[in-house]
>>> print(open('protein_8.cif').read())   # mmCIF, C-alpha atoms
data_work
loop_
_atom_site.group_PDB
_atom_site.id
_atom_site.type_symbol
_atom_site.label_atom_id
_atom_site.label_comp_id
_atom_site.auth_asym_id
_atom_site.auth_seq_id
_atom_site.Cartn_x
_atom_site.Cartn_y
_atom_site.Cartn_z
ATOM 1 C CA MET A 204 -101.643 9.384 -38.812
ATOM 2 C CA SER A 205 -102.317 12.989 -38.220
ATOM 3 C CA GLN A 206 -101.365 15.470 -40.864
ATOM 4 C CA GLN A 207 -101.223 18.267 -38.332
ATOM 5 C CA THR A 208 -97.942 19.137 -36.699
ATOM 6 C CA SER A 209 -97.432 21.737 -34.030
ATOM 7 C CA THR A 210 -94.251 23.151 -35.569
ATOM 8 C CA ASP A 211 -95.063 23.730 -39.188
ATOM 9 C CA LEU A 212 -92.009 25.169 -40.875
ATOM 10 C CA ARG A 213 -93.306 25.152 -44.416
ATOM 11 C CA PRO A 214 -93.568 28.511 -46.105
ATOM 12 C CA ALA A 215 -96.881 30.281 -45.842
ATOM 13 C CA THR A 216 -97.765 29.413 -49.451
ATOM 14 C CA GLN A 217 -98.206 25.789 -48.504
ATOM 15 C CA GLN A 218 -100.053 26.424 -45.263
ATOM 16 C CA GLY A 219 -103.229 27.716 -46.773
ATOM 17 C CA HIS A 220 -102.485 31.402 -46.197
ATOM 18 C CA ALA A 221 -103.474 31.924 -49.781
ATOM 19 C CA LEU A 222 -103.035 35.437 -51.085
ATOM 20 C CA VAL A 223 -106.189 35.052 -53.144
ATOM 21 C CA THR A 224 -109.206 34.150 -51.016
ATOM 22 C CA GLY A 225 -112.936 34.124 -51.441
ATOM 23 C CA GLN A 226 -113.264 37.205 -49.229
ATOM 24 C CA GLY A 227 -110.967 39.341 -51.365
ATOM 25 C CA LYS A 228 -107.347 39.175 -52.417
ATOM 26 C CA THR A 229 -104.150 40.333 -50.765
ATOM 27 C CA SER A 230 -101.596 42.253 -52.821
ATOM 28 C CA ILE A 231 -98.081 42.922 -51.674
ATOM 29 C CA ALA A 232 -96.364 45.892 -53.291
ATOM 30 C CA ASP A 233 -92.959 45.539 -54.957
ATOM 31 C CA SER A 234 -91.448 48.034 -52.535
ATOM 32 C CA VAL A 235 -92.401 45.825 -49.598
ATOM 33 C CA VAL A 236 -90.636 42.823 -51.129
ATOM 34 C CA GLU A 237 -87.633 45.068 -51.932
ATOM 35 C CA LYS A 238 -87.369 46.248 -48.344
ATOM 36 C CA ILE A 239 -87.571 42.730 -46.940
ATOM 37 C CA ALA A 240 -84.931 41.490 -49.403
ATOM 38 C CA GLY A 241 -82.664 44.455 -48.608
ATOM 39 C CA VAL A 242 -82.889 43.927 -44.860
ATOM 40 C CA ALA A 243 -82.421 40.151 -45.224
ATOM 41 C CA ALA A 244 -79.304 40.555 -47.390
ATOM 42 C CA ARG A 245 -77.746 43.084 -45.003
ATOM 43 C CA GLU A 246 -78.268 40.722 -42.073
ATOM 44 C CA VAL A 247 -75.676 38.307 -43.470
ATOM 45 C CA SER A 248 -72.202 38.961 -42.166
ATOM 46 C CA GLY A 249 -69.656 39.528 -44.917
ATOM 47 C CA VAL A 250 -72.029 41.814 -46.801
ATOM 48 C CA HIS A 251 -70.488 45.265 -46.615
ATOM 49 C CA GLU A 252 -72.805 47.370 -48.733
ATOM 50 C CA MET A 253 -75.304 47.057 -51.535
ATOM 51 C CA GLY A 254 -75.801 48.609 -54.924
ATOM 52 C CA ARG A 255 -73.799 49.266 -58.076
ATOM 53 C CA GLY A 256 -71.029 51.835 -58.252
ATOM 54 C CA ALA A 257 -73.093 54.813 -59.366
ATOM 55 C CA ALA A 258 -75.992 54.045 -57.038
ATOM 56 C CA ARG A 259 -73.571 53.746 -54.111
ATOM 57 C CA THR A 260 -71.927 57.070 -54.893
ATOM 58 C CA PHE A 261 -75.227 58.895 -55.251
ATOM 59 C CA GLY A 262 -76.651 57.043 -52.277
ATOM 60 C CA THR A 263 -73.780 58.226 -50.091
ATOM 61 C CA ILE A 264 -74.225 61.814 -51.254
ATOM 62 C CA LYS A 265 -77.977 61.611 -50.688
ATOM 63 C CA GLU A 266 -77.532 60.222 -47.176
ATOM 64 C CA LYS A 267 -75.350 63.179 -46.232
ATOM 65 C CA LEU A 268 -77.577 65.887 -47.632
ATOM 66 C CA PRO A 269 -78.701 68.126 -44.784
ATOM 67 C CA VAL A 270 -82.184 68.370 -46.328
ATOM 68 C CA GLY A 271 -83.893 65.201 -47.414
ATOM 69 C CA GLY A 272 -81.052 63.024 -46.221
ATOM 70 C CA SER A 273 -82.853 60.002 -44.893
ATOM 71 C CA GLY A 274 -80.102 57.671 -43.758
ATOM 72 C CA PRO A 275 -79.212 54.467 -45.532
ATOM 73 C CA ASN A 276 -81.702 53.303 -48.116
ATOM 74 C CA VAL A 277 -82.390 49.602 -47.558
ATOM 75 C CA THR A 278 -83.687 49.012 -51.054
ATOM 76 C CA GLN A 279 -80.453 50.131 -52.707
ATOM 77 C CA GLY A 280 -79.045 47.291 -54.792
ATOM 78 C CA VAL A 281 -82.287 45.297 -54.826
ATOM 79 C CA LYS A 282 -84.560 44.764 -57.782
ATOM 80 C CA VAL A 283 -87.636 42.588 -57.634
ATOM 81 C CA GLU A 284 -90.341 41.304 -59.900
ATOM 82 C CA VAL A 285 -93.480 40.321 -58.069
ATOM 83 C CA GLY A 286 -96.352 38.350 -59.531
ATOM 84 C CA GLU A 287 -99.511 37.171 -57.850
ATOM 85 C CA ARG A 288 -97.833 34.188 -56.207
ATOM 86 C CA GLN A 289 -94.151 34.367 -57.052
ATOM 87 C CA ALA A 290 -91.231 36.755 -56.827
ATOM 88 C CA ALA A 291 -87.809 36.954 -58.492
ATOM 89 C CA ILE A 292 -85.032 39.008 -56.962
ATOM 90 C CA ASP A 293 -81.774 40.557 -58.203
ATOM 91 C CA ILE A 294 -79.218 41.744 -55.672
ATOM 92 C CA ASP A 295 -75.996 43.758 -56.104
ATOM 93 C CA LEU A 296 -73.503 43.293 -53.289
ATOM 94 C CA VAL A 297 -70.173 44.590 -52.039
ATOM 95 C CA VAL A 298 -68.524 41.980 -49.819
ATOM 96 C CA ASP A 299 -65.829 42.414 -47.181
ATOM 97 C CA TYR A 300 -62.328 41.348 -48.138
ATOM 98 C CA GLY A 301 -61.379 37.871 -46.976
ATOM 99 C CA VAL A 302 -64.774 36.181 -47.074
ATOM 100 C CA SER A 303 -65.665 33.299 -49.345
ATOM 101 C CA ILE A 304 -67.844 34.873 -51.986
ATOM 102 C CA PRO A 305 -69.716 31.649 -52.881
ATOM 103 C CA ASP A 306 -70.482 31.032 -49.198
ATOM 104 C CA VAL A 307 -71.635 34.572 -48.548
ATOM 105 C CA SER A 308 -73.815 34.663 -51.635
ATOM 106 C CA GLN A 309 -75.371 31.318 -50.767
ATOM 107 C CA SER A 310 -76.128 32.584 -47.261
ATOM 108 C CA VAL A 311 -77.622 35.765 -48.693
ATOM 109 C CA ARG A 312 -79.730 33.707 -51.081
ATOM 110 C CA ASP A 313 -80.964 31.382 -48.315
ATOM 111 C CA ASN A 314 -81.755 34.240 -45.932
ATOM 112 C CA VAL A 315 -83.569 36.286 -48.573
ATOM 113 C CA ILE A 316 -85.645 33.309 -49.717
ATOM 114 C CA GLN A 317 -86.524 32.342 -46.176
ATOM 115 C CA ARG A 318 -87.477 35.855 -45.115
ATOM 116 C CA ILE A 319 -89.579 36.581 -48.175
ATOM 117 C CA GLU A 320 -91.373 33.250 -48.178
ATOM 118 C CA ARG A 321 -92.131 33.546 -44.464
ATOM 119 C CA MET A 322 -93.153 37.167 -44.478
ATOM 120 C CA THR A 323 -95.046 37.480 -47.739
ATOM 121 C CA GLY A 324 -96.220 33.981 -48.623
ATOM 122 C CA LEU A 325 -94.774 34.490 -52.109
ATOM 123 C CA GLU A 326 -92.718 31.718 -53.641
ATOM 124 C CA VAL A 327 -89.240 32.936 -54.558
ATOM 125 C CA THR A 328 -88.318 31.529 -57.951
ATOM 126 C CA GLU A 329 -84.786 32.916 -58.142
ATOM 127 C CA VAL A 330 -82.311 35.150 -56.380
ATOM 128 C CA ASN A 331 -79.593 36.424 -58.702
ATOM 129 C CA ILE A 332 -76.631 37.882 -56.875
ATOM 130 C CA SER A 333 -73.928 39.937 -58.466
ATOM 131 C CA VAL A 334 -70.887 40.820 -56.405
ATOM 132 C CA ASP A 335 -69.778 44.188 -57.731
ATOM 133 C CA ASP A 336 -66.881 45.005 -55.457
ATOM 134 C CA VAL A 337 -64.750 43.927 -52.526
ATOM 135 C CA PHE A 338 -64.334 46.266 -49.583
ATOM 136 C CA LEU A 339 -60.625 46.445 -48.711
ATOM 137 C CA GLY A 340 -60.916 48.413 -45.502
ATOM 138 C CA GLU A 341 -61.212 52.048 -44.650
ATOM 139 C CA ASP A 342 -58.827 53.895 -46.962
ATOM 140 C CA SER A 343 -56.419 56.260 -45.271
ATOM 141 C CA GLU A 344 -56.521 59.946 -46.138
ATOM 142 C CA PRO A 345 -56.304 60.452 -49.863
ATOM 143 C CA GLU A 346 -52.862 61.609 -50.901
ATOM 144 C CA PRO A 347 -52.561 65.390 -51.040
ATOM 145 C CA PRO A 348 -52.211 66.742 -54.538
ATOM 146 C CA ARG A 349 -48.588 67.195 -55.571
ATOM 147 C CA VAL A 350 -49.211 70.637 -57.028
ATOM 148 C CA GLN A 351 -51.248 73.526 -55.703
ATOM 149 C CA MET B 492 -123.880 50.144 -47.124
ATOM 150 C CA ALA B 493 -120.263 49.702 -46.097
ATOM 151 C CA ASP B 494 -119.140 52.195 -43.473
ATOM 152 C CA VAL B 495 -115.827 53.507 -44.742
ATOM 153 C CA GLU B 496 -115.012 55.438 -41.597
ATOM 154 C CA ALA B 497 -115.603 52.393 -39.387
ATOM 155 C CA ILE B 498 -113.486 50.281 -41.757
ATOM 156 C CA ALA B 499 -110.573 52.709 -41.455
ATOM 157 C CA ALA B 500 -110.889 52.815 -37.670
ATOM 158 C CA ALA B 501 -111.080 49.015 -37.406
ATOM 159 C CA ALA B 502 -108.016 48.585 -39.631
ATOM 160 C CA LEU B 503 -105.996 51.110 -37.627
ATOM 161 C CA GLY B 504 -107.008 49.265 -34.480
ATOM 162 C CA CYS B 505 -105.108 46.145 -35.584
ATOM 163 C CA PRO B 506 -101.779 45.958 -33.732
ATOM 164 C CA LEU B 507 -99.918 44.768 -36.845
ATOM 165 C CA ILE B 508 -100.955 47.753 -38.932
ATOM 166 C CA ALA B 509 -98.758 50.830 -38.722
ATOM 167 C CA ASP B 510 -100.923 53.090 -40.838
ATOM 168 C CA LEU B 511 -103.243 53.399 -43.797
ATOM 169 C CA THR B 512 -101.762 54.880 -46.944
ATOM 170 C CA GLY B 513 -103.059 56.678 -49.984
ATOM 171 C CA GLY B 514 -100.780 54.785 -52.338
ATOM 172 C CA ARG B 515 -97.840 56.271 -54.175
ATOM 173 C CA PHE B 516 -99.745 59.364 -55.251
ATOM 174 C CA GLY B 517 -102.059 59.619 -52.282
ATOM 175 C CA GLU B 518 -105.083 59.080 -54.481
ATOM 176 C CA VAL B 519 -106.501 56.073 -52.670
ATOM 177 C CA ALA B 520 -109.124 57.614 -50.448
ATOM 178 C CA THR B 521 -112.829 58.015 -49.951
ATOM 179 C CA TYR B 522 -113.819 61.609 -50.480
ATOM 180 C CA GLY B 523 -116.457 62.606 -47.976
ATOM 181 C CA PRO B 524 -117.957 66.022 -47.294
ATOM 182 C CA GLY B 525 -115.207 68.215 -45.873
ATOM 183 C CA ARG B 526 -112.613 65.499 -45.413
ATOM 184 C CA ARG B 527 -111.195 62.385 -46.932
ATOM 185 C CA ILE B 528 -110.499 58.993 -45.501
ATOM 186 C CA LEU B 529 -107.089 57.911 -46.701
ATOM 187 C CA GLY B 530 -106.398 54.315 -47.709
ATOM 188 C CA VAL B 531 -109.948 53.017 -48.076
ATOM 189 C CA ARG B 532 -112.147 53.055 -51.134
ATOM 190 C CA ILE B 533 -114.884 50.965 -52.658
ATOM 191 C CA VAL B 534 -114.360 50.076 -56.305
ATOM 192 C CA ASP B 535 -116.715 47.796 -58.220
ATOM 193 C CA GLU B 536 -118.325 46.421 -55.067
ATOM 194 C CA VAL B 537 -114.967 45.531 -53.548
ATOM 195 C CA VAL B 538 -113.523 47.285 -50.496
ATOM 196 C CA GLU B 539 -109.891 48.264 -51.175
ATOM 197 C CA LEU B 540 -107.767 48.720 -48.091
ATOM 198 C CA HIS B 541 -104.218 50.067 -48.503
ATOM 199 C CA VAL B 542 -102.061 49.511 -45.444
ATOM 200 C CA VAL B 543 -98.535 49.950 -44.102
ATOM 201 C CA ALA B 544 -97.631 46.831 -42.142
ATOM 202 C CA LYS B 545 -95.377 46.632 -39.123
ATOM 203 C CA TRP B 546 -92.199 44.580 -39.406
ATOM 204 C CA GLY B 547 -92.237 40.970 -38.268
ATOM 205 C CA ALA B 548 -95.508 39.191 -38.855
ATOM 206 C CA PRO B 549 -96.179 37.220 -42.048
ATOM 207 C CA LEU B 550 -98.116 39.547 -44.331
ATOM 208 C CA PRO B 551 -100.804 37.026 -45.398
ATOM 209 C CA GLU B 552 -101.652 36.606 -41.722
ATOM 210 C CA VAL B 553 -101.700 40.365 -41.229
ATOM 211 C CA ALA B 554 -104.084 40.649 -44.156
ATOM 212 C CA GLU B 555 -106.318 37.926 -42.767
ATOM 213 C CA VAL B 556 -106.494 39.605 -39.367
ATOM 214 C CA VAL B 557 -107.301 42.979 -40.915
ATOM 215 C CA ARG B 558 -109.869 41.442 -43.192
ATOM 216 C CA ALA B 559 -111.574 39.804 -40.246
ATOM 217 C CA ALA B 560 -111.469 43.053 -38.259
ATOM 218 C CA VAL B 561 -113.111 45.152 -40.963
ATOM 219 C CA ALA B 562 -115.568 42.500 -42.190
ATOM 220 C CA PRO B 563 -118.381 43.514 -39.796
ATOM 221 C CA HIS B 564 -118.332 47.020 -41.306
ATOM 222 C CA ALA B 565 -118.042 45.957 -44.954
ATOM 223 C CA ALA B 566 -121.685 44.964 -45.435
ATOM 224 C CA GLY B 567 -120.744 41.638 -46.973
ATOM 225 C CA LEU B 568 -118.449 43.089 -49.637
ATOM 226 C CA PRO B 569 -115.133 41.307 -50.267
ATOM 227 C CA VAL B 570 -112.141 43.160 -48.824
ATOM 228 C CA SER B 571 -108.938 43.371 -50.869
ATOM 229 C CA VAL B 572 -105.928 44.167 -48.725
ATOM 230 C CA PHE B 573 -102.989 45.924 -50.397
ATOM 231 C CA VAL B 574 -99.782 45.930 -48.399
ATOM 232 C CA ASP B 575 -98.260 49.042 -49.954
ATOM 233 C CA ASP B 576 -95.391 49.525 -47.558
ATOM 234 C CA ILE B 577 -93.740 48.016 -44.526
ATOM 235 C CA GLN B 578 -92.260 49.775 -41.535
ATOM 236 C CA LEU B 579 -88.592 48.879 -41.151
ATOM 237 C CA PRO B 580 -87.299 47.402 -37.890
ATOM 238 C CA ASP B 581 -86.257 50.080 -35.393
ATOM 239 C CA GLU B 582 -82.504 49.786 -35.916
ATOM 240 C CA LEU B 583 -82.849 50.442 -39.656
ATOM 241 C CA ARG B 584 -85.331 53.245 -39.514
ATOM 242 C CA PRO B 585 -83.856 56.555 -40.632
ATOM 243 C CA GLN B 586 -83.182 58.851 -37.700
ATOM 244 C CA SER B 587 -85.279 61.975 -37.625
ATOM 245 C CA GLU B 588 -82.507 64.251 -36.381
ATOM 246 C CA PRO B 589 -80.453 65.835 -39.153
ATOM 247 C CA PRO B 590 -76.962 64.423 -39.693
ATOM 248 C CA PRO B 591 -74.057 66.476 -38.350
ATOM 249 C CA ALA B 592 -72.944 69.299 -40.607
ATOM 250 C CA LEU B 593 -70.099 68.443 -42.943
ATOM 251 C CA PRO B 594 -66.733 69.863 -41.895
ATOM 252 C CA GLU B 595 -65.869 72.974 -43.785
ATOM 253 C CA ALA B 596 -63.494 72.283 -46.614
ATOM 254 C CA PRO B 597 -60.205 74.136 -46.308
ATOM 255 C CA VAL B 598 -59.904 76.895 -48.866
ATOM 256 C CA VAL B 599 -56.782 76.615 -50.935
ATOM 257 C CA ILE B 600 -55.776 79.741 -52.748
#
>>> encode(input="protein_8.cif", output="C-alpha cells")
Amino acid sequence: MSQQTSTDLRPATQQGHALVTGQGKTSIADSVVEKIAGVAAREVSGVHEMGRGAARTFGTIKEKLPVGGSGPNVTQGVKVEVGERQAAIDIDLVVDYGVSIPDVSQSVRDNVIQRIERMTGLEVTEVNISVDDVFLGEDSEPEPPRVQ
Amino acid sequence: MADVEAIAAAALGCPLIADLTGGRFGEVATYGPGRRILGVRIVDEVVELHVVAKWGAPLPEVAEVVRAAVAPHAAGLPVSVFVDDIQLPDELRPQSEPPPALPEAPVVI
C-alpha cells in the first residue's frame, strides 16, 4: 500500500518540511508567530477585541494619534514563546455578549493551532486563552456631568 | 566566494518574499564600499538571510524556495533563512492615509 496521498492534511512538521536542514536552518521570529496568532484569533466570530484593559485603552489612543497612528495592532493581546520546533501561545480576548465562551475559546484555539502549524511548521504545545471582558454593545453617549 | 549582491537579488526575486530586512535594529547587512546590502550577511561560513514573508504560504516552504533560489550564488555555503516578519493580509494592513482629525472638544467655561 502506498504511503503517499494526494491530499496530505498533516501539519508541515510531519511532512518533512523540517525547520532544521542540512543546507542551513530556518528560524521564525516571535513577532511572526504573534501576528499569525492575532489574525487567526480575530477571524473567529464572537471575538470582539483583544488585549487586557490597559493595553486596549492605550491601543485605542495610539490608533487615533494623528502621528504614528498605525491602525489596529494585530499582535495586541497575544504573547508567544517560540522554540526551535514548538510554540506556546497566550491570548487575551474580549468576546461579544451572548456567545458561548467555551465554544468561542475552543474555536479560537483550534483556528490558532491550525494556522500556526500550517504556516510555520511549528508544533503548538498549548494555547491559553483568558477572556477578560464581555462587549455589551456600543454604549450611548456618556451621561453629561450633573455640575458644571 | 559567495556573491552577496546576487543572493539579495535572487531572494527578492522570489514571489513569496516581500522584502529583505535588517532585523530589529537594522544591523543585519553586508557593508560594501559605498553602500550596504540589507538582510544578508555571512557569519562563520553560513549565509544568513533575513526576510519578510508574504501572507499565505507555509513558511518552511517559503524558506526552502528561497534557499534553492540563492544556492547557486552561495558558493556551497549553507543558507540559514530567518523569517523576521510577515506582511499582513491586505484587509488588516494599516492604511497609509492619516485618520480623520478628532472633533474639537467643546470648551466649557
>>> interface_residues(input="protein_8.cif", of="chain B", to="chain A", cutoff="6 Å", atoms="all atoms listed in the file", output="ChimeraX atom specification")
/B:549-551,569-577,585
>>> residues_around(input="protein_8.cif", residues="Ala562 (chain B)", least_positions_apart="3", cutoff="12 Å", atoms="all atoms listed in the file", output="number ranges by chain")
A: 226-227; B: 493-495, 497-499, 501-502, 537-538, 540, 554-559, 565-572
>>> atom_distance(input="protein_8.cif", atom1="CA of Leu339 (chain A)", atom2="CA of Gly301 (chain A)")
8.8 Å
>>> residues_around(input="protein_8.cif", residues="Thr512 (chain B)", least_positions_apart="3", cutoff="8 Å", atoms="only C-alpha atoms", output="MDAnalysis selection string")
chainID B and resid 517 519 529:530 541:543 575
>>> residues_around(input="protein_8.cif", residues="Val302 (chain A)", least_positions_apart="4", cutoff="12 Å", atoms="all atoms listed in the file", output="PyMOL selection string")
chain A and resi 247-251+297-298+306-308+310+337-339
>>> resolve_selection(input="protein_8.cif", expression="the PyMOL selection byres ((chain B and resi 522) around 12)", output="list in words")
Val495, Glu496, Gly513, Glu518, Val519, Ala520, Thr521, Gly523, Pro524, Gly525, Arg526, Arg527, Ile528, Leu529, Gly530, Val531, Arg532 and Ile533 of chain B
>>> residues_around(input="protein_8.cif", residues="Pro305 (chain A)", least_positions_apart="6", cutoff="12 Å", atoms="all atoms listed in the file", output="list in words")
Gly249, Val298, Val311, Arg312, Ile332, Ser333 and Val334 of chain A
>>> atom_distance(input="protein_8.cif", atom1="CA of Gln317 (chain A)", atom2="CA of Leu503 (chain B)")
28.4 Å
>>> atom_distance(input="protein_8.cif", atom1="CA of His564 (chain B)", atom2="CA of Arg288 (chain A)")
28.4 Å
>>> decode(input="protein_8.cif", residues="region 561-572 of chain B", atoms="all heavy atoms", output="mmCIF file, in the first residue's frame")
data_model
loop_
_atom_site.group_PDB
_atom_site.id
_atom_site.type_symbol
_atom_site.label_atom_id
_atom_site.label_comp_id
_atom_site.auth_asym_id
_atom_site.auth_seq_id
_atom_site.Cartn_x
_atom_site.Cartn_y
_atom_site.Cartn_z
ATOM 1 N N VAL B 561 18.741 30.966 -3.855
ATOM 2 C CA VAL B 561 20.026 31.644 -3.625
ATOM 3 C C VAL B 561 21.205 30.672 -3.655
ATOM 4 O O VAL B 561 22.352 31.109 -3.741
ATOM 5 C CB VAL B 561 20.036 32.431 -2.288
ATOM 6 C CG1 VAL B 561 18.883 33.400 -2.227
ATOM 7 C CG2 VAL B 561 20.041 31.505 -1.091
ATOM 8 N N ALA B 562 20.923 29.368 -3.605
ATOM 9 C CA ALA B 562 22.004 28.381 -3.516
ATOM 10 C C ALA B 562 23.072 28.539 -4.600
ATOM 11 O O ALA B 562 24.266 28.452 -4.291
ATOM 12 C CB ALA B 562 21.416 26.971 -3.517
ATOM 13 N N PRO B 563 22.674 28.799 -5.874
ATOM 14 C CA PRO B 563 23.717 28.913 -6.901
ATOM 15 C C PRO B 563 24.712 30.042 -6.641
ATOM 16 O O PRO B 563 25.828 30.018 -7.176
ATOM 17 C CB PRO B 563 22.927 29.200 -8.187
ATOM 18 C CG PRO B 563 21.528 28.802 -7.904
ATOM 19 C CD PRO B 563 21.319 28.888 -6.449
ATOM 20 N N HIS B 564 24.314 31.033 -5.823
ATOM 21 C CA HIS B 564 25.199 32.173 -5.581
ATOM 22 C C HIS B 564 25.950 32.045 -4.256
ATOM 23 O O HIS B 564 26.732 32.913 -3.894
ATOM 24 C CB HIS B 564 24.389 33.477 -5.568
ATOM 25 C CG HIS B 564 23.499 33.627 -6.760
ATOM 26 N ND1 HIS B 564 23.989 33.865 -8.013
ATOM 27 C CD2 HIS B 564 22.149 33.537 -6.894
ATOM 28 C CE1 HIS B 564 22.974 33.925 -8.877
ATOM 29 N NE2 HIS B 564 21.855 33.726 -8.217
ATOM 30 N N ALA B 565 25.665 30.959 -3.500
ATOM 31 C CA ALA B 565 26.198 30.877 -2.140
ATOM 32 C C ALA B 565 27.519 30.124 -2.071
ATOM 33 O O ALA B 565 28.066 29.942 -0.982
ATOM 34 C CB ALA B 565 25.174 30.214 -1.221
ATOM 35 N N ALA B 566 28.026 29.681 -3.181
ATOM 36 C CA ALA B 566 29.322 29.003 -3.243
ATOM 37 C C ALA B 566 29.397 27.824 -2.275
ATOM 38 O O ALA B 566 30.405 27.608 -1.607
ATOM 39 C CB ALA B 566 30.448 29.994 -2.953
ATOM 40 N N GLY B 567 28.285 27.078 -2.206
ATOM 41 C CA GLY B 567 28.295 25.869 -1.388
ATOM 42 C C GLY B 567 28.092 26.083 0.094
ATOM 43 O O GLY B 567 28.032 25.117 0.850
ATOM 44 N N LEU B 568 27.999 27.333 0.541
ATOM 45 C CA LEU B 568 27.776 27.573 1.973
ATOM 46 C C LEU B 568 26.316 27.256 2.337
ATOM 47 O O LEU B 568 25.420 27.452 1.528
ATOM 48 C CB LEU B 568 28.060 29.051 2.323
ATOM 49 C CG LEU B 568 29.470 29.560 2.089
ATOM 50 C CD1 LEU B 568 29.563 31.030 2.487
ATOM 51 C CD2 LEU B 568 30.476 28.746 2.880
ATOM 52 N N PRO B 569 26.084 26.767 3.559
ATOM 53 C CA PRO B 569 24.693 26.582 3.992
ATOM 54 C C PRO B 569 24.010 27.942 4.137
ATOM 55 O O PRO B 569 24.652 28.938 4.465
ATOM 56 C CB PRO B 569 24.813 25.880 5.351
ATOM 57 C CG PRO B 569 26.215 26.060 5.773
ATOM 58 C CD PRO B 569 27.045 26.308 4.568
ATOM 59 N N VAL B 570 22.706 27.972 3.869
ATOM 60 C CA VAL B 570 21.954 29.221 3.932
ATOM 61 C C VAL B 570 20.926 29.119 5.059
ATOM 62 O O VAL B 570 20.037 28.274 5.023
ATOM 63 C CB VAL B 570 21.230 29.497 2.601
ATOM 64 C CG1 VAL B 570 20.423 30.789 2.693
ATOM 65 C CG2 VAL B 570 22.212 29.563 1.459
ATOM 66 N N SER B 571 21.057 29.945 6.081
ATOM 67 C CA SER B 571 20.068 29.999 7.146
ATOM 68 C C SER B 571 19.068 31.095 6.825
ATOM 69 O O SER B 571 19.443 32.238 6.609
ATOM 70 C CB SER B 571 20.728 30.303 8.494
ATOM 71 O OG SER B 571 21.427 29.170 8.936
ATOM 72 N N VAL B 572 17.796 30.715 6.807
ATOM 73 C CA VAL B 572 16.751 31.685 6.479
ATOM 74 C C VAL B 572 16.059 32.097 7.775
ATOM 75 O O VAL B 572 15.593 31.245 8.530
ATOM 76 C CB VAL B 572 15.729 31.088 5.492
ATOM 77 C CG1 VAL B 572 14.651 32.100 5.158
ATOM 78 C CG2 VAL B 572 16.431 30.619 4.231
#
